[in-house]
file structure-v3.csv (CSV, N, CA and C atoms)
chain,number,residue,atom,x,y,z
V,227,VAL,N,17.7,-28.8,-5.0
V,227,VAL,CA,17.0,-27.7,-4.3
V,227,VAL,C,15.8,-27.4,-5.1
V,228,LEU,N,14.7,-27.2,-4.4
V,228,LEU,CA,13.4,-26.7,-5.0
V,228,LEU,C,13.3,-25.3,-4.5
V,229,LEU,N,13.4,-24.3,-5.3
V,229,LEU,CA,13.2,-22.9,-5.0
V,229,LEU,C,11.7,-22.5,-5.3
V,230,VAL,N,11.0,-22.1,-4.4
V,230,VAL,CA,9.6,-21.6,-4.6
V,230,VAL,C,9.5,-20.2,-4.3
V,231,GLU,N,9.5,-19.4,-5.4
V,231,GLU,CA,9.7,-17.9,-5.3
V,231,GLU,C,9.1,-17.3,-6.5
V,232,ASP,N,8.2,-16.3,-6.3
V,232,ASP,CA,7.6,-15.6,-7.4
V,232,ASP,C,8.4,-14.4,-8.0
V,233,ASN,N,9.3,-13.9,-7.3
V,233,ASN,CA,10.1,-12.7,-7.8
V,233,ASN,C,11.2,-13.2,-8.7
V,234,ARG,N,11.2,-12.9,-10.0
V,234,ARG,CA,12.2,-13.4,-10.9
V,234,ARG,C,13.6,-12.9,-10.6
V,235,ILE,N,13.8,-11.7,-10.0
V,235,ILE,CA,15.1,-11.3,-9.6
V,235,ILE,C,15.6,-12.1,-8.5
V,236,VAL,N,14.8,-12.4,-7.5
V,236,VAL,CA,15.2,-13.2,-6.4
V,236,VAL,C,15.5,-14.6,-6.9
V,237,GLN,N,14.7,-15.1,-7.8
V,237,GLN,CA,14.9,-16.4,-8.4
V,237,GLN,C,16.3,-16.5,-9.0
V,238,LYS,N,16.6,-15.5,-9.9
V,238,LYS,CA,17.9,-15.6,-10.6
V,238,LYS,C,19.1,-15.5,-9.6
V,239,MET,N,19.0,-14.5,-8.6
V,239,MET,CA,20.1,-14.4,-7.7
V,239,MET,C,20.3,-15.6,-6.8
V,240,THR,N,19.2,-16.2,-6.4
V,240,THR,CA,19.3,-17.4,-5.5
V,240,THR,C,19.8,-18.6,-6.3
V,241,CYS,N,19.2,-18.8,-7.5
V,241,CYS,CA,19.7,-19.9,-8.4
V,241,CYS,C,21.2,-19.8,-8.6
V,242,ARG,N,21.6,-18.6,-8.9
V,242,ARG,CA,23.1,-18.4,-9.2
V,242,ARG,C,23.9,-18.8,-8.0
V,243,LEU,N,23.5,-18.4,-6.8
V,243,LEU,CA,24.3,-18.7,-5.6
V,243,LEU,C,24.3,-20.2,-5.4
V,244,LEU,N,23.2,-20.9,-5.6
V,244,LEU,CA,23.1,-22.3,-5.4
V,244,LEU,C,23.9,-23.1,-6.4
V,245,GLU,N,23.7,-22.7,-7.7
V,245,GLU,CA,24.4,-23.3,-8.8
V,245,GLU,C,25.9,-23.2,-8.7
V,246,ARG,N,26.4,-22.0,-8.2
V,246,ARG,CA,27.8,-21.8,-8.0
V,246,ARG,C,28.4,-22.7,-6.9
V,247,ALA,N,27.5,-23.1,-6.0
V,247,ALA,CA,27.9,-24.0,-4.9
V,247,ALA,C,27.8,-25.5,-5.4
V,248,GLY,N,27.4,-25.7,-6.7
V,248,GLY,CA,27.4,-27.0,-7.2
V,248,GLY,C,26.1,-27.8,-7.0
V,249,LEU,N,25.0,-27.0,-6.7
V,249,LEU,CA,23.7,-27.6,-6.5
V,249,LEU,C,22.8,-27.5,-7.7
V,250,ALA,N,22.0,-28.5,-7.9
V,250,ALA,CA,21.0,-28.4,-9.0
V,250,ALA,C,19.7,-27.8,-8.4
V,251,VAL,N,19.1,-26.9,-9.2
V,251,VAL,CA,18.0,-26.1,-8.7
V,251,VAL,C,16.8,-26.3,-9.6
V,252,ARG,N,15.6,-26.5,-9.1
V,252,ARG,CA,14.3,-26.5,-9.8
V,252,ARG,C,13.6,-25.3,-9.2
V,253,VAL,N,12.8,-24.6,-10.1
V,253,VAL,CA,12.1,-23.4,-9.6
V,253,VAL,C,10.6,-23.6,-9.9
V,254,ALA,N,9.8,-23.2,-8.8
V,254,ALA,CA,8.4,-23.1,-8.9
V,254,ALA,C,8.0,-21.6,-8.6
V,255,GLU,N,7.0,-21.0,-9.3
V,255,GLU,CA,6.7,-19.6,-9.0
V,255,GLU,C,5.7,-19.4,-7.9
V,256,HIS,N,5.1,-20.4,-7.4
V,256,HIS,CA,4.1,-20.3,-6.3
V,256,HIS,C,3.9,-21.7,-5.7
V,257,GLY,N,3.2,-21.7,-4.6
V,257,GLY,CA,3.1,-23.0,-3.8
V,257,GLY,C,2.3,-24.0,-4.6
V,258,GLN,N,1.3,-23.7,-5.4
V,258,GLN,CA,0.5,-24.7,-6.1
V,258,GLN,C,1.4,-25.3,-7.2
V,259,GLU,N,2.3,-24.5,-7.8
V,259,GLU,CA,3.2,-25.1,-8.8
V,259,GLU,C,4.2,-26.1,-8.1
V,260,ALA,N,4.7,-25.7,-7.0
V,260,ALA,CA,5.6,-26.6,-6.2
V,260,ALA,C,4.9,-27.9,-5.9
V,261,LEU,N,3.6,-27.8,-5.4
V,261,LEU,CA,2.9,-29.1,-5.1
V,261,LEU,C,2.7,-29.9,-6.4
V,262,ASP,N,2.3,-29.3,-7.5
V,262,ASP,CA,2.1,-30.0,-8.7
V,262,ASP,C,3.4,-30.7,-9.1
V,263,MET,N,4.5,-30.0,-9.0
V,263,MET,CA,5.8,-30.6,-9.3
V,263,MET,C,6.1,-31.8,-8.5
V,264,LEU,N,5.9,-31.7,-7.2
V,264,LEU,CA,6.2,-32.8,-6.2
V,264,LEU,C,5.3,-33.9,-6.4
V,265,ARG,N,4.0,-33.6,-6.6
V,265,ARG,CA,3.0,-34.7,-6.8
V,265,ARG,C,3.2,-35.4,-8.1
V,266,GLY,N,3.6,-34.7,-9.2
V,266,GLY,CA,3.7,-35.2,-10.5
V,266,GLY,C,5.1,-35.8,-10.9
V,267,ASP,N,6.1,-35.7,-10.0
V,267,ASP,CA,7.4,-36.2,-10.4
V,267,ASP,C,7.9,-36.9,-9.1
V,268,ALA,N,7.7,-38.2,-9.2
V,268,ALA,CA,8.1,-39.1,-8.0
V,268,ALA,C,9.6,-39.0,-7.7
V,269,GLU,N,10.4,-38.9,-8.7
V,269,GLU,CA,11.8,-38.8,-8.5
V,269,GLU,C,12.2,-37.5,-7.8
V,270,LEU,N,11.6,-36.4,-8.2
V,270,LEU,CA,11.8,-35.1,-7.6
V,270,LEU,C,11.4,-35.2,-6.1
V,271,ALA,N,10.2,-35.7,-5.9
V,271,ALA,CA,9.6,-35.7,-4.5
V,271,ALA,C,10.5,-36.6,-3.6
V,272,ALA,N,11.0,-37.7,-4.1
V,272,ALA,CA,11.8,-38.6,-3.3
V,272,ALA,C,13.2,-38.1,-3.1
V,273,ASN,N,13.7,-37.2,-4.0
V,273,ASN,CA,15.2,-36.9,-3.9
V,273,ASN,C,15.5,-35.4,-3.7
V,274,VAL,N,14.5,-34.5,-3.7
V,274,VAL,CA,14.9,-33.1,-3.4
V,274,VAL,C,15.4,-33.1,-2.0
V,275,ARG,N,16.4,-32.4,-1.7
V,275,ARG,CA,17.0,-32.3,-0.4
V,275,ARG,C,16.6,-31.2,0.5
V,276,VAL,N,16.1,-30.1,-0.1
V,276,VAL,CA,15.6,-29.0,0.6
V,276,VAL,C,14.7,-28.1,-0.3
V,277,VAL,N,13.7,-27.5,0.3
V,277,VAL,CA,12.9,-26.5,-0.3
V,277,VAL,C,13.1,-25.2,0.3
V,278,LEU,N,13.4,-24.2,-0.5
V,278,LEU,CA,13.5,-22.8,-0.1
V,278,LEU,C,12.2,-22.2,-0.5
V,279,MET,N,11.3,-21.8,0.4
V,279,MET,CA,10.0,-21.4,0.2
V,279,MET,C,9.7,-19.9,0.6
V,280,ASP,N,9.4,-19.1,-0.4
V,280,ASP,CA,8.9,-17.8,-0.2
V,280,ASP,C,7.6,-17.9,0.6
V,281,LEU,N,7.2,-16.9,1.4
V,281,LEU,CA,6.0,-16.9,2.1
V,281,LEU,C,4.8,-16.3,1.4
V,282,GLN,N,5.0,-15.1,0.8
V,282,GLN,CA,4.0,-14.4,0.1
V,282,GLN,C,4.1,-14.5,-1.4
V,283,MET,N,3.2,-15.3,-2.0
V,283,MET,CA,3.2,-15.6,-3.4
V,283,MET,C,1.7,-15.6,-3.9
V,284,PRO,N,1.5,-15.3,-5.2
V,284,PRO,CA,0.2,-15.5,-5.7
V,284,PRO,C,-0.2,-16.9,-5.8
V,285,VAL,N,-1.5,-17.2,-6.0
V,285,VAL,CA,-2.1,-18.5,-6.2
V,285,VAL,C,-2.1,-19.3,-4.8
V,286,MET,N,-0.9,-19.6,-4.3
V,286,MET,CA,-0.8,-20.3,-3.0
V,286,MET,C,0.5,-19.8,-2.3
V,287,GLY,N,0.4,-19.4,-1.1
V,287,GLY,CA,1.6,-18.9,-0.4
V,287,GLY,C,2.4,-20.0,0.3
V,288,GLY,N,3.5,-19.7,0.9
V,288,GLY,CA,4.4,-20.7,1.5
V,288,GLY,C,3.9,-21.4,2.7
V,289,VAL,N,3.1,-20.7,3.5
V,289,VAL,CA,2.6,-21.4,4.7
V,289,VAL,C,1.6,-22.5,4.3
V,290,GLU,N,0.6,-22.1,3.5
V,290,GLU,CA,-0.4,-23.1,3.0
V,290,GLU,C,0.3,-24.3,2.3
V,291,CYS,N,1.3,-24.0,1.4
V,291,CYS,CA,2.0,-25.1,0.7
V,291,CYS,C,2.7,-26.0,1.7
V,292,THR,N,3.4,-25.4,2.6
V,292,THR,CA,4.1,-26.2,3.6
V,292,THR,C,3.2,-27.1,4.4
V,293,GLU,N,2.1,-26.6,4.8
V,293,GLU,CA,1.1,-27.4,5.6
V,293,GLU,C,0.6,-28.6,4.8
V,294,ILE,N,0.4,-28.4,3.5
V,294,ILE,CA,0.0,-29.5,2.6
V,294,ILE,C,1.1,-30.5,2.4
V,295,ILE,N,2.3,-30.0,2.2
V,295,ILE,CA,3.5,-30.9,2.1
V,295,ILE,C,3.6,-31.8,3.3
V,296,ARG,N,3.4,-31.2,4.5
V,296,ARG,CA,3.6,-32.0,5.7
V,296,ARG,C,2.5,-33.1,5.8
V,297,ARG,N,1.3,-32.8,5.3
V,297,ARG,CA,0.3,-33.8,5.3
V,297,ARG,C,0.5,-35.0,4.3
V,298,GLU,N,1.2,-34.6,3.2
V,298,GLU,CA,1.3,-35.6,2.1
V,298,GLU,C,2.7,-36.3,2.0
V,299,GLU,N,3.7,-35.7,2.6
V,299,GLU,CA,5.1,-36.2,2.3
V,299,GLU,C,5.4,-37.6,2.6
V,300,SER,N,4.6,-38.2,3.6
V,300,SER,CA,4.9,-39.6,4.0
V,300,SER,C,4.7,-40.5,2.8
V,301,GLY,N,3.9,-40.2,1.8
V,301,GLY,CA,3.6,-41.0,0.7
V,301,GLY,C,4.6,-40.8,-0.5
V,302,TRP,N,5.6,-40.0,-0.3
V,302,TRP,CA,6.5,-39.7,-1.4
V,302,TRP,C,7.7,-40.5,-1.5
V,303,GLY,N,7.9,-41.5,-0.7
V,303,GLY,CA,9.1,-42.4,-0.8
V,303,GLY,C,10.4,-41.7,-0.3
V,304,ARG,N,10.3,-40.8,0.6
V,304,ARG,CA,11.5,-40.1,1.1
V,304,ARG,C,12.1,-40.9,2.2
V,305,ASP,N,13.4,-41.0,2.2
V,305,ASP,CA,14.1,-41.6,3.3
V,305,ASP,C,15.5,-40.9,3.6
V,306,GLY,N,15.7,-39.7,3.0
V,306,GLY,CA,17.0,-39.1,3.1
V,306,GLY,C,17.5,-38.8,4.5
V,307,ASP,N,16.6,-38.5,5.5
V,307,ASP,CA,17.0,-38.2,6.8
V,307,ASP,C,16.5,-39.2,7.8
V,308,GLY,N,16.0,-40.3,7.3
V,308,GLY,CA,15.6,-41.4,8.2
V,308,GLY,C,14.1,-41.3,8.6
V,309,ASN,N,13.5,-40.1,8.5
V,309,ASN,CA,12.0,-40.1,8.8
V,309,ASN,C,11.2,-39.6,7.7
V,310,GLY,N,11.8,-39.3,6.5
V,310,GLY,CA,11.0,-38.9,5.4
V,310,GLY,C,10.6,-37.4,5.4
V,311,ARG,N,11.0,-36.7,6.3
V,311,ARG,CA,10.6,-35.3,6.4
V,311,ARG,C,11.5,-34.5,5.4
V,312,LEU,N,10.8,-33.7,4.6
V,312,LEU,CA,11.4,-32.8,3.6
V,312,LEU,C,11.8,-31.5,4.3
V,313,PRO,N,13.0,-31.2,4.3
V,313,PRO,CA,13.4,-29.9,4.9
V,313,PRO,C,12.9,-28.7,4.1
V,314,ILE,N,12.2,-27.8,4.8
V,314,ILE,CA,11.6,-26.6,4.1
V,314,ILE,C,12.1,-25.4,4.9
V,315,VAL,N,12.7,-24.5,4.2
V,315,VAL,CA,13.2,-23.2,4.8
V,315,VAL,C,12.4,-22.0,4.2
V,316,ALA,N,11.9,-21.2,5.1
V,316,ALA,CA,11.1,-20.1,4.8
V,316,ALA,C,12.0,-19.0,4.3
V,317,LEU,N,11.6,-18.3,3.2
V,317,LEU,CA,12.3,-17.1,2.7
V,317,LEU,C,11.3,-15.9,2.8
V,318,THR,N,11.8,-14.9,3.5
V,318,THR,CA,10.9,-13.7,3.7
V,318,THR,C,11.7,-12.5,3.8
V,319,ALA,N,11.1,-11.4,3.5
V,319,ALA,CA,11.7,-10.1,3.7
V,319,ALA,C,11.5,-9.6,5.1
V,320,ASN,N,10.6,-10.2,5.8
V,320,ASN,CA,10.2,-9.9,7.2
V,320,ASN,C,11.1,-10.6,8.2
V,321,ALA,N,11.9,-9.8,8.9
V,321,ALA,CA,12.9,-10.4,9.9
V,321,ALA,C,12.3,-10.5,11.3
V,322,MET,N,11.0,-10.2,11.5
V,322,MET,CA,10.5,-10.1,12.8
V,322,MET,C,10.4,-11.5,13.5
V,323,ALA,N,10.7,-11.5,14.8
V,323,ALA,CA,10.7,-12.8,15.5
V,323,ALA,C,9.3,-13.5,15.5
V,324,GLU,N,8.2,-12.7,15.4
V,324,GLU,CA,6.9,-13.3,15.4
V,324,GLU,C,6.7,-14.1,14.1
V,325,GLU,N,7.2,-13.5,13.0
V,325,GLU,CA,7.1,-14.2,11.7
V,325,GLU,C,7.9,-15.5,11.7
V,326,ARG,N,9.1,-15.5,12.3
V,326,ARG,CA,9.9,-16.7,12.4
V,326,ARG,C,9.2,-17.8,13.2
V,327,ASP,N,8.6,-17.4,14.3
V,327,ASP,CA,7.9,-18.3,15.2
V,327,ASP,C,6.7,-18.9,14.5
V,328,ARG,N,6.0,-18.1,13.7
V,328,ARG,CA,4.8,-18.5,12.9
V,328,ARG,C,5.2,-19.5,11.9
V,329,CYS,N,6.3,-19.3,11.2
V,329,CYS,CA,6.8,-20.2,10.2
V,329,CYS,C,7.2,-21.6,10.8
V,330,LEU,N,7.9,-21.5,11.9
V,330,LEU,CA,8.3,-22.8,12.6
V,330,LEU,C,7.1,-23.6,13.1
V,331,ALA,N,6.1,-22.9,13.6
V,331,ALA,CA,4.9,-23.5,14.1
V,331,ALA,C,4.1,-24.1,12.9
V,332,SER,N,4.2,-23.6,11.7
V,332,SER,CA,3.5,-24.1,10.5
V,332,SER,C,4.2,-25.2,9.8
V,333,GLY,N,5.3,-25.6,10.3
V,333,GLY,CA,6.0,-26.8,9.7
V,333,GLY,C,7.3,-26.5,9.0
V,334,PHE,N,7.7,-25.3,9.0
V,334,PHE,CA,9.0,-25.0,8.4
V,334,PHE,C,10.1,-25.5,9.3
V,335,ASP,N,11.3,-25.8,8.7
V,335,ASP,CA,12.4,-26.3,9.5
V,335,ASP,C,13.4,-25.2,9.7
V,336,GLY,N,13.3,-24.1,9.0
V,336,GLY,CA,14.3,-23.0,9.1
V,336,GLY,C,13.7,-21.7,8.5
V,337,PHE,N,14.5,-20.6,8.7
V,337,PHE,CA,13.9,-19.3,8.3
V,337,PHE,C,15.1,-18.5,7.9
V,338,LEU,N,15.0,-17.9,6.7
V,338,LEU,CA,16.0,-17.0,6.2
V,338,LEU,C,15.4,-15.7,5.7
V,339,THR,N,16.0,-14.6,5.9
V,339,THR,CA,15.5,-13.3,5.4
V,339,THR,C,16.1,-13.0,4.1
V,340,LYS,N,15.4,-12.4,3.2
V,340,LYS,CA,15.9,-12.0,1.9
V,340,LYS,C,16.4,-10.6,2.0
V,341,PRO,N,17.4,-10.2,1.2
V,341,PRO,CA,18.0,-11.1,0.2
V,341,PRO,C,19.0,-12.1,0.8
V,342,VAL,N,19.0,-13.3,0.3
V,342,VAL,CA,19.9,-14.3,0.8
V,342,VAL,C,21.3,-14.1,0.3
V,343,ASN,N,22.3,-14.6,0.9
V,343,ASN,CA,23.6,-14.5,0.4
V,343,ASN,C,24.3,-15.8,0.6
V,344,ARG,N,25.5,-15.9,0.1
V,344,ARG,CA,26.2,-17.2,0.1
V,344,ARG,C,26.4,-17.7,1.6
V,345,GLU,N,26.7,-16.8,2.5
V,345,GLU,CA,27.0,-17.3,3.9
V,345,GLU,C,25.7,-17.8,4.5
V,346,THR,N,24.6,-17.2,4.3
V,346,THR,CA,23.3,-17.7,4.9
V,346,THR,C,22.8,-19.0,4.3
V,347,LEU,N,23.1,-19.1,3.0
V,347,LEU,CA,22.6,-20.3,2.3
V,347,LEU,C,23.6,-21.4,2.7
call {"tool": "encode", "arguments": {"input": "structure-v3.csv", "output": "structure tokens"}}
result
Amino acid sequence: VLLVEDNRIVQKMTCRLLERAGLAVRVAEHGQEALDMLRGDAELAANVRVVLMDLQMPVMGGVECTEIIRREESGWGRDGDGNGRLPIVALTANAMAEERDRCLASGFDGFLTKPVNRETL
């Protein structure tokens, strides 16, 4: 799991939940850092199974990062789901339907409101 989240408290809580479920977690603090990690680590880019992406972060937000990932991911050697698409789930404190629709239209595959819990993850 690649967690892209700038809030350290949310990072710790989400990592703890994922690790207790037996999942390995890498953390990026903003979208640019996530892109740098994916571009610079071919193994990570090919094998990460899901990205949990905050929407509002400094440097680069989740929508912009997701749009760039969608343009670049075909060159990352992904084949996990048969078409190479990296599942990206939006994390936001905004539970409005309009926000969810905007995320899905921007290339996200799912939408979760924060704080996340074991059941929603």
call {"tool": "residues_around", "arguments": {"input": "structure-v3.csv", "residues": "Val253 of chain V", "least_positions_apart": "2", "cutoff": "7 Å", "atoms": "all atoms listed in the file", "output": "number ranges by chain"}}
result
V: 227-231, 251, 255-256, 260
call {"tool": "closest_residue", "arguments": {"input": "structure-v3.csv", "among": "V:Leu278, V:Ala321, V:Ala272, V:Leu330", "to": "Val236 of chain V", "atoms": "only C-alpha atoms"}}
result
V:Leu278
call {"tool": "atom_distance", "arguments": {"input": "structure-v3.csv", "atom1": "atom C of Asp262 of chain V", "atom2": "atom CA of Ala331 of chain V"}}
result
24.3 Å
call {"tool": "select_by_dssp", "arguments": {"input": "structure-v3.csv", "residues": "segment 255-308 of chain V", "states": "helix (DSSP H, G or I)", "output": "ChimeraX atom specification"}}
result
/V:257-266,268-273,288-301
call {"tool": "atom_distance", "arguments": {"input": "structure-v3.csv", "atom1": "atom CA of Thr240 of chain V", "atom2": "atom CA of Gly310 of chain V"}}
result
25.5 Å
call {"tool": "closest_atom_pairs", "arguments": {"input": "structure-v3.csv", "of": "segment 239-275 of chain V", "to": "segment 280-303 of chain V", "cutoff": "8 Å", "atoms": "all atoms listed in the file", "output": "CSV"}}
result
residue,atom,partner,partner_atom,distance
V:Glu255,C,V:Met283,CA,6.4
V:His256,C,V:Met286,C,5.2
V:Gly257,N,V:Met286,C,4.0
V:Gln258,N,V:Met286,CA,4.7
V:Glu259,N,V:Met286,N,6.8
V:Ala260,C,V:Cys291,CA,7.7
V:Leu261,N,V:Cys291,CA,6.9
V:Leu264,C,V:Trp302,CA,7.8
V:Ala268,C,V:Trp302,C,6.7
V:Glu269,N,V:Trp302,C,7.9
V:Leu270,C,V:Trp302,C,7.9
V:Ala271,C,V:Trp302,C,5.2
V:Ala272,CA,V:Gly303,C,4.5
V:Asn273,N,V:Gly303,C,6.7
call {"tool": "closest_residue", "arguments": {"input": "structure-v3.csv", "among": "V:Ser332, V:Arg234, V:Arg275, V:Arg344", "to": "Arg311 of chain V", "atoms": "only N, CA and C atoms"}}
result
V:Arg275
call {"tool": "closest_residue", "arguments": {"input": "structure-v3.csv", "among": "V:Leu312, V:Val276, V:Ala247, V:Leu317", "to": "Lys340 of chain V", "atoms": "only C-alpha atoms"}}
result
V:Leu317
call {"tool": "select_by_dssp", "arguments": {"input": "structure-v3.csv", "residues": "chain V", "states": "strand (DSSP E or B)", "output": "MDAnalysis selection string"}}
result
chainID V and resid 228:230 252:254 277:280 314:318 336:339
call {"tool": "residues_around", "arguments": {"input": "structure-v3.csv", "residues": "Asp335 of chain V", "least_positions_apart": "5", "cutoff": "6.5 Å", "atoms": "only N, CA and C atoms", "output": "number ranges by chain"}}
result
V: 313-316, 329-330
call {"tool": "atom_distance", "arguments": {"input": "structure-v3.csv", "atom1": "atom CA of Met322 of chain V", "atom2": "atom C of Leu347 of chain V"}}
result
20.0 Å
call {"tool": "closest_residue", "arguments": {"input": "structure-v3.csv", "among": "V:Met263, V:Val274, V:Ile235, V:Leu338", "to": "Leu249 of chain V", "atoms": "only C-alpha atoms"}}
result
V:Val274
call {"tool": "build_atoms", "arguments": {"input": "structure-v3.csv", "residues": "segment 285-304 of chain V", "atoms": "N, CA, C and O atoms", "output": "short mmCIF file (atom, residue, chain, number, x, y, z; two decimals), in the frame of the given file"}}
result
data_model
loop_
_atom_site.label_atom_id
_atom_site.label_comp_id
_atom_site.auth_asym_id
_atom_site.auth_seq_id
_atom_site.Cartn_x
_atom_site.Cartn_y
_atom_site.Cartn_z
N VAL V 285 -1.50 -17.20 -6.00
CA VAL V 285 -2.10 -18.50 -6.20
C VAL V 285 -2.10 -19.30 -4.80
O VAL V 285 -3.10 -19.59 -4.28
N MET V 286 -0.90 -19.60 -4.30
CA MET V 286 -0.80 -20.30 -3.00
C MET V 286 0.50 -19.80 -2.30
O MET V 286 1.62 -19.94 -2.91
N GLY V 287 0.40 -19.40 -1.10
CA GLY V 287 1.60 -18.90 -0.40
C GLY V 287 2.40 -20.00 0.30
O GLY V 287 1.95 -21.21 0.27
N GLY V 288 3.50 -19.70 0.90
CA GLY V 288 4.40 -20.70 1.50
C GLY V 288 3.90 -21.40 2.70
O GLY V 288 4.11 -22.60 2.84
N VAL V 289 3.10 -20.70 3.50
CA VAL V 289 2.60 -21.40 4.70
C VAL V 289 1.60 -22.50 4.30
O VAL V 289 1.68 -23.62 4.79
N GLU V 290 0.60 -22.10 3.50
CA GLU V 290 -0.40 -23.10 3.00
C GLU V 290 0.30 -24.30 2.30
O GLU V 290 -0.02 -25.46 2.57
N CYS V 291 1.30 -24.00 1.40
CA CYS V 291 2.00 -25.10 0.70
C CYS V 291 2.70 -26.00 1.70
O CYS V 291 2.65 -27.20 1.55
N THR V 292 3.40 -25.40 2.60
CA THR V 292 4.10 -26.20 3.60
C THR V 292 3.20 -27.10 4.40
O THR V 292 3.51 -28.27 4.67
N GLU V 293 2.10 -26.60 4.80
CA GLU V 293 1.10 -27.40 5.60
C GLU V 293 0.60 -28.60 4.80
O GLU V 293 0.51 -29.69 5.30
N ILE V 294 0.40 -28.40 3.50
CA ILE V 294 0.00 -29.50 2.60
C ILE V 294 1.10 -30.50 2.40
O ILE V 294 0.88 -31.69 2.48
N ILE V 295 2.30 -30.00 2.20
CA ILE V 295 3.50 -30.90 2.10
C ILE V 295 3.60 -31.80 3.30
O ILE V 295 3.79 -32.99 3.20
N ARG V 296 3.40 -31.20 4.50
CA ARG V 296 3.60 -32.00 5.70
C ARG V 296 2.50 -33.10 5.80
O ARG V 296 2.78 -34.14 6.29
N ARG V 297 1.30 -32.80 5.30
CA ARG V 297 0.30 -33.80 5.30
C ARG V 297 0.50 -35.00 4.30
O ARG V 297 0.13 -36.09 4.51
N GLU V 298 1.20 -34.60 3.20
CA GLU V 298 1.30 -35.60 2.10
C GLU V 298 2.70 -36.30 2.00
O GLU V 298 2.79 -37.29 1.31
N GLU V 299 3.70 -35.70 2.60
CA GLU V 299 5.10 -36.20 2.30
C GLU V 299 5.40 -37.60 2.60
O GLU V 299 6.26 -38.22 2.06
N SER V 300 4.60 -38.20 3.60
CA SER V 300 4.90 -39.60 4.00
C SER V 300 4.70 -40.50 2.80
O SER V 300 5.27 -41.62 2.80
N GLY V 301 3.90 -40.20 1.80
CA GLY V 301 3.60 -41.00 0.70
C GLY V 301 4.60 -40.80 -0.50
O GLY V 301 4.38 -41.41 -1.55
N TRP V 302 5.60 -40.00 -0.30
CA TRP V 302 6.50 -39.70 -1.40
C TRP V 302 7.70 -40.50 -1.50
O TRP V 302 8.63 -40.19 -2.32
N GLY V 303 7.90 -41.50 -0.70
CA GLY V 303 9.10 -42.40 -0.80
C GLY V 303 10.40 -41.70 -0.30
O GLY V 303 11.44 -42.10 -0.78
N ARG V 304 10.30 -40.80 0.60
CA ARG V 304 11.50 -40.10 1.10
C ARG V 304 12.10 -40.90 2.20
O ARG V 304 11.45 -41.37 3.06
#
